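See below for query38.cif, which holds mmCIF, C-alpha atoms.
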```cif
data_input
loop_
_atom_site.label_atom_id
_atom_site.label_comp_id
_atom_site.auth_asym_id
_atom_site.auth_seq_id
_atom_site.Cartn_x
_atom_site.Cartn_y
_atom_site.Cartn_z
CA MET A 1 14.98 -10.57 6.64
CA ALA A 2 12.31 -9.53 4.13
CA PRO A 3 10.44 -12.31 2.34
CA VAL A 4 11.68 -13.16 -1.14
CA THR A 5 9.22 -11.98 -3.75
CA ALA A 6 8.72 -13.74 -7.03
CA THR A 7 7.19 -12.86 -10.36
CA ASN A 8 6.43 -14.50 -13.66
CA TRP A 9 8.25 -14.15 -16.97
CA ALA A 10 5.82 -11.56 -18.37
CA ALA A 11 6.39 -9.22 -15.42
CA PHE A 12 10.17 -9.61 -15.76
CA THR A 13 9.92 -8.89 -19.50
CA ALA A 14 7.88 -5.75 -18.82
CA ALA A 15 10.43 -4.58 -16.21
CA GLU A 16 13.60 -5.37 -18.20
CA PRO A 17 12.78 -6.04 -21.87
CA ALA A 18 16.36 -5.91 -23.17
CA LEU A 19 17.69 -8.33 -20.56
CA ALA A 20 14.67 -10.62 -21.01
CA ARG A 21 15.30 -10.72 -24.77
CA THR A 22 18.97 -11.62 -24.19
CA VAL A 23 18.04 -14.36 -21.71
CA GLU A 24 15.47 -15.84 -24.11
CA GLU A 25 18.04 -15.79 -26.92
CA ARG A 26 20.58 -17.61 -24.73
CA PHE A 27 18.05 -20.29 -23.80
CA GLY A 28 16.90 -20.48 -27.41
CA ALA A 29 20.42 -21.05 -28.74
CA PHE A 30 20.49 -24.65 -27.45
CA THR A 31 17.88 -27.26 -26.58
CA HIS A 32 19.23 -28.65 -23.31
CA HIS A 33 20.07 -26.65 -20.19
CA VAL A 34 21.03 -27.46 -16.58
CA LEU A 35 18.47 -27.41 -13.79
CA ALA A 36 19.65 -27.45 -10.17
CA THR A 37 17.20 -28.73 -7.55
CA LEU A 38 17.47 -29.84 -3.95
CA ARG A 39 17.48 -33.51 -2.97
CA ARG A 40 15.61 -34.80 0.06
CA ASP A 41 18.77 -34.41 2.19
CA GLY A 42 19.27 -30.81 0.99
CA SER A 43 22.22 -31.51 -1.27
CA PRO A 44 22.12 -30.19 -4.84
CA ARG A 45 21.12 -32.22 -7.87
CA THR A 46 21.72 -31.12 -11.47
CA SER A 47 19.68 -32.45 -14.37
CA GLY A 48 19.27 -31.72 -18.04
CA LEU A 49 16.10 -29.89 -19.03
CA GLU A 50 14.35 -28.28 -21.99
CA VAL A 51 12.51 -25.02 -21.33
CA ARG A 52 9.89 -22.98 -23.19
CA PHE A 53 8.76 -19.37 -23.04
CA LEU A 54 5.02 -19.37 -23.81
CA ASP A 55 2.07 -17.19 -22.84
CA GLY A 56 4.19 -14.93 -20.62
CA GLU A 57 5.61 -17.83 -18.62
CA LEU A 58 8.87 -19.75 -18.39
CA TRP A 59 7.85 -23.42 -18.44
CA LEU A 60 9.77 -26.43 -17.17
CA GLY A 61 8.43 -29.69 -18.56
CA MET A 62 9.48 -33.12 -17.31
CA MET A 63 8.53 -36.75 -17.02
CA PRO A 64 6.42 -37.91 -14.09
CA GLY A 65 8.54 -39.73 -11.54
CA SER A 66 11.76 -38.03 -12.64
CA LEU A 67 14.03 -37.14 -9.75
CA LYS A 68 13.96 -33.45 -10.65
CA ALA A 69 10.13 -33.49 -10.58
CA LEU A 70 10.15 -35.22 -7.19
CA ASP A 71 12.67 -32.67 -5.93
CA LEU A 72 10.53 -29.74 -7.11
CA ARG A 73 7.36 -31.17 -5.62
CA ARG A 74 9.14 -31.45 -2.27
CA ASP A 75 11.04 -28.15 -2.43
CA PRO A 76 10.18 -25.82 -5.33
CA ARG A 77 13.44 -23.82 -5.30
CA PHE A 78 15.57 -24.13 -8.42
CA VAL A 79 18.32 -22.53 -10.48
CA LEU A 80 18.32 -22.88 -14.24
CA GLN A 81 21.58 -22.32 -16.14
CA ALA A 82 21.50 -21.76 -19.90
CA ASN A 83 23.70 -24.08 -21.92
CA PRO A 84 26.85 -22.05 -22.66
CA GLY A 85 27.57 -24.01 -25.85
CA GLY A 86 30.94 -25.10 -27.12
CA GLY A 87 34.14 -23.17 -26.57
CA THR A 88 34.40 -20.06 -24.47
CA GLY A 89 32.57 -17.51 -26.62
CA MET A 90 29.19 -17.55 -24.85
CA GLY A 91 27.65 -15.15 -27.34
CA GLY A 92 25.16 -13.06 -25.39
CA GLY A 93 26.75 -13.94 -22.08
CA ASP A 94 26.15 -16.57 -19.45
CA VAL A 95 22.62 -16.51 -18.01
CA ARG A 96 20.83 -18.15 -15.14
CA VAL A 97 17.39 -17.89 -13.61
CA ALA A 98 16.51 -18.71 -10.01
CA GLY A 99 13.11 -19.08 -8.46
CA ARG A 100 10.37 -21.44 -7.40
CA ALA A 101 8.67 -23.99 -9.64
CA VAL A 102 4.88 -24.11 -9.35
CA GLU A 103 3.28 -27.23 -10.75
CA GLU A 104 0.65 -26.43 -13.35
CA ARG A 105 -2.50 -28.40 -12.61
CA ASP A 106 -4.93 -26.52 -14.85
CA PRO A 107 -5.86 -29.02 -17.61
CA ALA A 108 -6.54 -26.24 -20.13
CA ARG A 109 -3.10 -24.63 -19.65
CA LYS A 110 -1.38 -28.04 -19.80
CA ALA A 111 -3.31 -28.83 -22.97
CA ARG A 112 -2.25 -25.54 -24.61
CA TYR A 113 1.37 -26.27 -23.69
CA GLY A 114 1.03 -29.82 -25.02
CA GLU A 115 -0.41 -28.61 -28.33
CA GLU A 116 2.41 -26.10 -28.78
CA VAL A 117 5.37 -28.19 -27.59
CA GLU A 118 4.18 -31.77 -28.23
CA PRO A 119 6.07 -33.32 -25.30
CA PRO A 120 6.03 -37.07 -24.71
CA GLU A 121 2.92 -38.07 -22.75
CA PRO A 122 2.40 -38.11 -19.86
CA PHE A 123 4.30 -35.06 -18.66
CA LEU A 124 4.49 -32.74 -15.68
CA LEU A 125 4.58 -29.00 -16.18
CA PHE A 126 5.99 -26.38 -13.84
CA ARG A 127 5.71 -22.60 -14.16
CA ALA A 128 8.74 -20.59 -13.00
CA GLU A 129 8.24 -17.87 -10.41
CA LEU A 130 11.40 -15.80 -10.74
CA THR A 131 13.37 -14.58 -7.75
CA GLU A 132 16.52 -13.63 -9.67
CA VAL A 133 17.88 -13.34 -13.20
CA VAL A 134 21.65 -12.99 -13.73
CA ARG A 135 23.65 -12.34 -16.87
CA THR A 136 27.44 -12.40 -16.89
CA SER A 137 29.32 -11.20 -19.95
CA VAL A 138 32.61 -9.71 -21.06
CA GLU A 139 32.72 -6.16 -22.43
CA ASP A 140 35.54 -4.82 -24.63
CA ASP A 141 37.68 -7.85 -23.72
CA THR A 142 38.37 -5.94 -20.51
CA TYR A 143 35.42 -5.95 -18.13
CA LEU A 144 33.44 -8.74 -16.57
CA VAL A 145 29.90 -7.37 -16.47
CA VAL A 146 27.35 -8.88 -14.08
CA GLN A 147 23.71 -7.84 -14.35
CA VAL A 148 21.39 -8.90 -11.53
CA TRP A 149 17.63 -8.43 -11.53
CA GLN A 150 15.29 -9.28 -8.66
CA PRO A 151 11.56 -8.55 -8.39
CA GLY A 152 10.88 -5.14 -6.92
CA HIS A 153 14.45 -3.91 -7.44
CA ALA A 154 16.16 -1.97 -10.20
CA LEU A 155 18.59 -3.84 -12.43
CA ARG A 156 22.07 -3.77 -10.87
CA THR A 157 25.12 -3.81 -13.11
CA VAL A 158 28.61 -4.39 -11.78
CA LYS A 159 31.76 -4.11 -13.92
CA ARG A 160 34.98 -5.76 -12.81
CA THR A 161 38.42 -5.74 -14.40
#
```
Show how you would write the structure in this file as structure tokens.
Amino acid sequence: MAPVTATNWAAFTAAEPALARTVEERFGAFTHHVLATLRRDGSPRTSGLEVRFLDGELWLGMMPGSLKALDLRRDPRFVLQANPGGGTGMGGGDVRVAGRAVEERDPARKARYGEEVEPPEPFLLFRAELTEVVRTSVEDDTYLVVQVWQPGHALRTVKRT
């Protein structure tokens, strides 16, 4: 099996600008989203999370000592699901991002993030390395449309009735 490659948000945006714009809009529509991490025993954990798109990166900020932060320090794999909002409309579709979270330890980058976002201090900051972006939507009230992007591959679109 080939190794999974990962890329940052800027590279994804350059490769698929329309999909990236839709994903950012979906995450921007609500403040809180759902982060899935892996517990010490390998079972899944879901947690609420706020995200930011800044300086070509998708940032995950959290409190030190939070279980999600401990999970990511132990195993950086994650899936982030955008809040679908109320009802069943999901304007713009349902989106999720998978990848690896890399803890940001550069004080200057953390400071820039802190100035922009003003999170409660102290905070931990993780940069998302994307391995997959998926959008699911309904077209013409007839088709379920699934778009899947992975680094190094063309965008795949599947329509189902």
Within 12 Å of segment 9-20 of chain A, which residues of segment 37-68 of chain A show up? Give each one with its shortest atom-to-atom distance in Å (one decimal) and the two atoms involved, counting all atoms listed in the file, rows by chain then rising residue number, as JSON lines.
```
{"residue": "A:Arg52", "atom": "CA", "partner": "A:Trp9", "partner_atom": "CA", "distance": 10.9}
{"residue": "A:Phe53", "atom": "CA", "partner": "A:Trp9", "partner_atom": "CA", "distance": 8.0}
{"residue": "A:Leu54", "atom": "CA", "partner": "A:Trp9", "partner_atom": "CA", "distance": 9.2}
{"residue": "A:Asp55", "atom": "CA", "partner": "A:Ala10", "partner_atom": "CA", "distance": 8.1}
{"residue": "A:Gly56", "atom": "CA", "partner": "A:Ala10", "partner_atom": "CA", "distance": 4.4}
{"residue": "A:Glu57", "atom": "CA", "partner": "A:Trp9", "partner_atom": "CA", "distance": 4.8}
{"residue": "A:Leu58", "atom": "CA", "partner": "A:Trp9", "partner_atom": "CA", "distance": 5.8}
{"residue": "A:Trp59", "atom": "CA", "partner": "A:Trp9", "partner_atom": "CA", "distance": 9.4}
```
So how many Å separate atom CA of Val51 of chain A and atom CA of Thr37 of chain A, to one decimal?
->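 That distance, rounded to one decimal, is 15.0 Å.
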Computed gap from atom CA of Leu125 of chain A to atom CA of Arg74 of chain A is 14.8 Å
Could you tell me which residues the PyMOL selection byres ((chain A and resi 40) around 9) returns for this structure, as number ranges by chain?
-> A: 38-39, 41-43, 71, 74-75
Tell me, in Å to one decimal, how far atom CA of Val23 of chain A is from atom CA of Val145 of chain A.
->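 Result for atom CA of Val23 of chain A versus atom CA of Val145 of chain A: 14.7 Å, one decimal.
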Compare A:Arg100, A:Arg160, A:Lys110, A:His153 by their minimum atom-to-atom distance to Asp141 of chain A, counting only C-alpha atoms, and give me the closest one.
->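 Checking each of A:Arg100, A:Arg160, A:Lys110, A:His153 against Asp141 of chain A, counting only C-alpha atoms, the winner is A:Arg160.
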Please reconstruct the missing atoms of segment 116-150 of chain A (target: N, CA and C atoms) and return them as an mmCIF file, in the frame of the given file.
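Done, and the output landed in part_7.cif:
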```
data_model
loop_
_atom_site.group_PDB
_atom_site.id
_atom_site.type_symbol
_atom_site.label_atom_id
_atom_site.label_comp_id
_atom_site.auth_asym_id
_atom_site.auth_seq_id
_atom_site.Cartn_x
_atom_site.Cartn_y
_atom_site.Cartn_z
ATOM 1 N N GLU A 116 1.320 -26.918 -28.243
ATOM 2 C CA GLU A 116 2.410 -26.100 -28.780
ATOM 3 C C GLU A 116 3.738 -26.865 -28.815
ATOM 4 N N VAL A 117 4.048 -27.578 -27.744
ATOM 5 C CA VAL A 117 5.370 -28.190 -27.590
ATOM 6 C C VAL A 117 5.406 -29.657 -28.027
ATOM 7 N N GLU A 118 4.277 -30.344 -27.913
ATOM 8 C CA GLU A 118 4.180 -31.770 -28.230
ATOM 9 C C GLU A 118 5.176 -32.608 -27.442
ATOM 10 N N PRO A 119 5.164 -32.500 -26.111
ATOM 11 C CA PRO A 119 6.070 -33.320 -25.300
ATOM 12 C C PRO A 119 5.595 -34.764 -25.245
ATOM 13 N N PRO A 120 6.477 -35.693 -24.899
ATOM 14 C CA PRO A 120 6.030 -37.070 -24.710
ATOM 15 C C PRO A 120 4.999 -37.123 -23.585
ATOM 16 N N GLU A 121 3.967 -37.920 -23.767
ATOM 17 C CA GLU A 121 2.920 -38.070 -22.750
ATOM 18 C C GLU A 121 3.245 -39.281 -21.884
ATOM 19 N N PRO A 122 2.886 -39.251 -20.636
ATOM 20 C CA PRO A 122 2.400 -38.110 -19.860
ATOM 21 C C PRO A 122 3.564 -37.199 -19.490
ATOM 22 N N PHE A 123 3.243 -35.981 -19.070
ATOM 23 C CA PHE A 123 4.300 -35.060 -18.660
ATOM 24 C C PHE A 123 3.805 -34.208 -17.502
ATOM 25 N N LEU A 124 4.765 -33.712 -16.739
ATOM 26 C CA LEU A 124 4.490 -32.740 -15.680
ATOM 27 C C LEU A 124 4.934 -31.383 -16.194
ATOM 28 N N LEU A 125 4.274 -30.344 -15.725
ATOM 29 C CA LEU A 125 4.580 -29.000 -16.180
ATOM 30 C C LEU A 125 4.676 -28.079 -14.979
ATOM 31 N N PHE A 126 5.770 -27.329 -14.915
ATOM 32 C CA PHE A 126 5.990 -26.380 -13.840
ATOM 33 C C PHE A 126 6.169 -24.987 -14.437
ATOM 34 N N ARG A 127 5.579 -24.005 -13.788
ATOM 35 C CA ARG A 127 5.710 -22.600 -14.160
ATOM 36 C C ARG A 127 6.751 -21.980 -13.234
ATOM 37 N N ALA A 128 7.680 -21.207 -13.801
ATOM 38 C CA ALA A 128 8.740 -20.590 -13.000
ATOM 39 C C ALA A 128 8.260 -19.271 -12.403
ATOM 40 N N GLU A 129 8.395 -19.147 -11.098
ATOM 41 C CA GLU A 129 8.240 -17.870 -10.410
ATOM 42 C C GLU A 129 9.647 -17.374 -10.139
ATOM 43 N N LEU A 130 10.028 -16.288 -10.777
ATOM 44 C CA LEU A 130 11.400 -15.800 -10.740
ATOM 45 C C LEU A 130 11.708 -15.044 -9.453
ATOM 46 N N THR A 131 12.856 -15.359 -8.875
ATOM 47 C CA THR A 131 13.370 -14.580 -7.750
ATOM 48 C C THR A 131 14.657 -13.852 -8.125
ATOM 49 N N GLU A 132 15.292 -14.287 -9.228
ATOM 50 C CA GLU A 132 16.520 -13.630 -9.670
ATOM 51 C C GLU A 132 16.845 -14.049 -11.094
ATOM 52 N N VAL A 133 17.359 -13.086 -11.865
ATOM 53 C CA VAL A 133 17.880 -13.340 -13.200
ATOM 54 C C VAL A 133 19.263 -12.704 -13.246
ATOM 55 N N VAL A 134 20.267 -13.480 -13.701
ATOM 56 C CA VAL A 134 21.650 -12.990 -13.730
ATOM 57 C C VAL A 134 22.239 -13.234 -15.111
ATOM 58 N N ARG A 135 22.892 -12.212 -15.624
ATOM 59 C CA ARG A 135 23.650 -12.340 -16.870
ATOM 60 C C ARG A 135 25.072 -11.900 -16.593
ATOM 61 N N THR A 136 26.027 -12.722 -17.009
ATOM 62 C CA THR A 136 27.440 -12.400 -16.890
ATOM 63 C C THR A 136 28.034 -12.385 -18.288
ATOM 64 N N SER A 137 28.735 -11.313 -18.623
ATOM 65 C CA SER A 137 29.320 -11.200 -19.950
ATOM 66 C C SER A 137 30.653 -10.464 -19.857
ATOM 67 N N VAL A 138 31.340 -10.432 -20.978
ATOM 68 C CA VAL A 138 32.610 -9.710 -21.060
ATOM 69 C C VAL A 138 32.407 -8.547 -22.024
ATOM 70 N N GLU A 139 32.876 -7.376 -21.618
ATOM 71 C CA GLU A 139 32.720 -6.160 -22.430
ATOM 72 C C GLU A 139 34.106 -5.652 -22.820
ATOM 73 N N ASP A 140 34.289 -5.371 -24.100
ATOM 74 C CA ASP A 140 35.540 -4.820 -24.630
ATOM 75 C C ASP A 140 36.761 -5.662 -24.276
ATOM 76 N N ASP A 141 36.586 -6.952 -24.112
ATOM 77 C CA ASP A 141 37.680 -7.850 -23.720
ATOM 78 C C ASP A 141 38.403 -7.371 -22.474
ATOM 79 N N THR A 142 37.737 -6.541 -21.676
ATOM 80 C CA THR A 142 38.370 -5.940 -20.510
ATOM 81 C C THR A 142 37.578 -6.151 -19.232
ATOM 82 N N TYR A 143 36.269 -5.947 -19.323
ATOM 83 C CA TYR A 143 35.420 -5.950 -18.130
ATOM 84 C C TYR A 143 34.561 -7.205 -18.059
ATOM 85 N N LEU A 144 34.451 -7.742 -16.868
ATOM 86 C CA LEU A 144 33.440 -8.740 -16.570
ATOM 87 C C LEU A 144 32.230 -7.947 -16.105
ATOM 88 N N VAL A 145 31.109 -8.119 -16.779
ATOM 89 C CA VAL A 145 29.900 -7.370 -16.470
ATOM 90 C C VAL A 145 28.858 -8.343 -15.918
ATOM 91 N N VAL A 146 28.365 -8.051 -14.718
ATOM 92 C CA VAL A 146 27.350 -8.880 -14.080
ATOM 93 C C VAL A 146 26.098 -8.036 -13.905
ATOM 94 N N GLN A 147 25.009 -8.495 -14.510
ATOM 95 C CA GLN A 147 23.710 -7.840 -14.350
ATOM 96 C C GLN A 147 22.848 -8.731 -13.474
ATOM 97 N N VAL A 148 22.231 -8.145 -12.454
ATOM 98 C CA VAL A 148 21.390 -8.900 -11.530
ATOM 99 C C VAL A 148 20.044 -8.201 -11.424
ATOM 100 N N TRP A 149 18.982 -8.950 -11.677
ATOM 101 C CA TRP A 149 17.630 -8.430 -11.530
ATOM 102 C C TRP A 149 16.878 -9.287 -10.514
ATOM 103 N N GLN A 150 16.169 -8.615 -9.624
ATOM 104 C CA GLN A 150 15.290 -9.280 -8.660
ATOM 105 C C GLN A 150 13.975 -8.530 -8.625
#
```
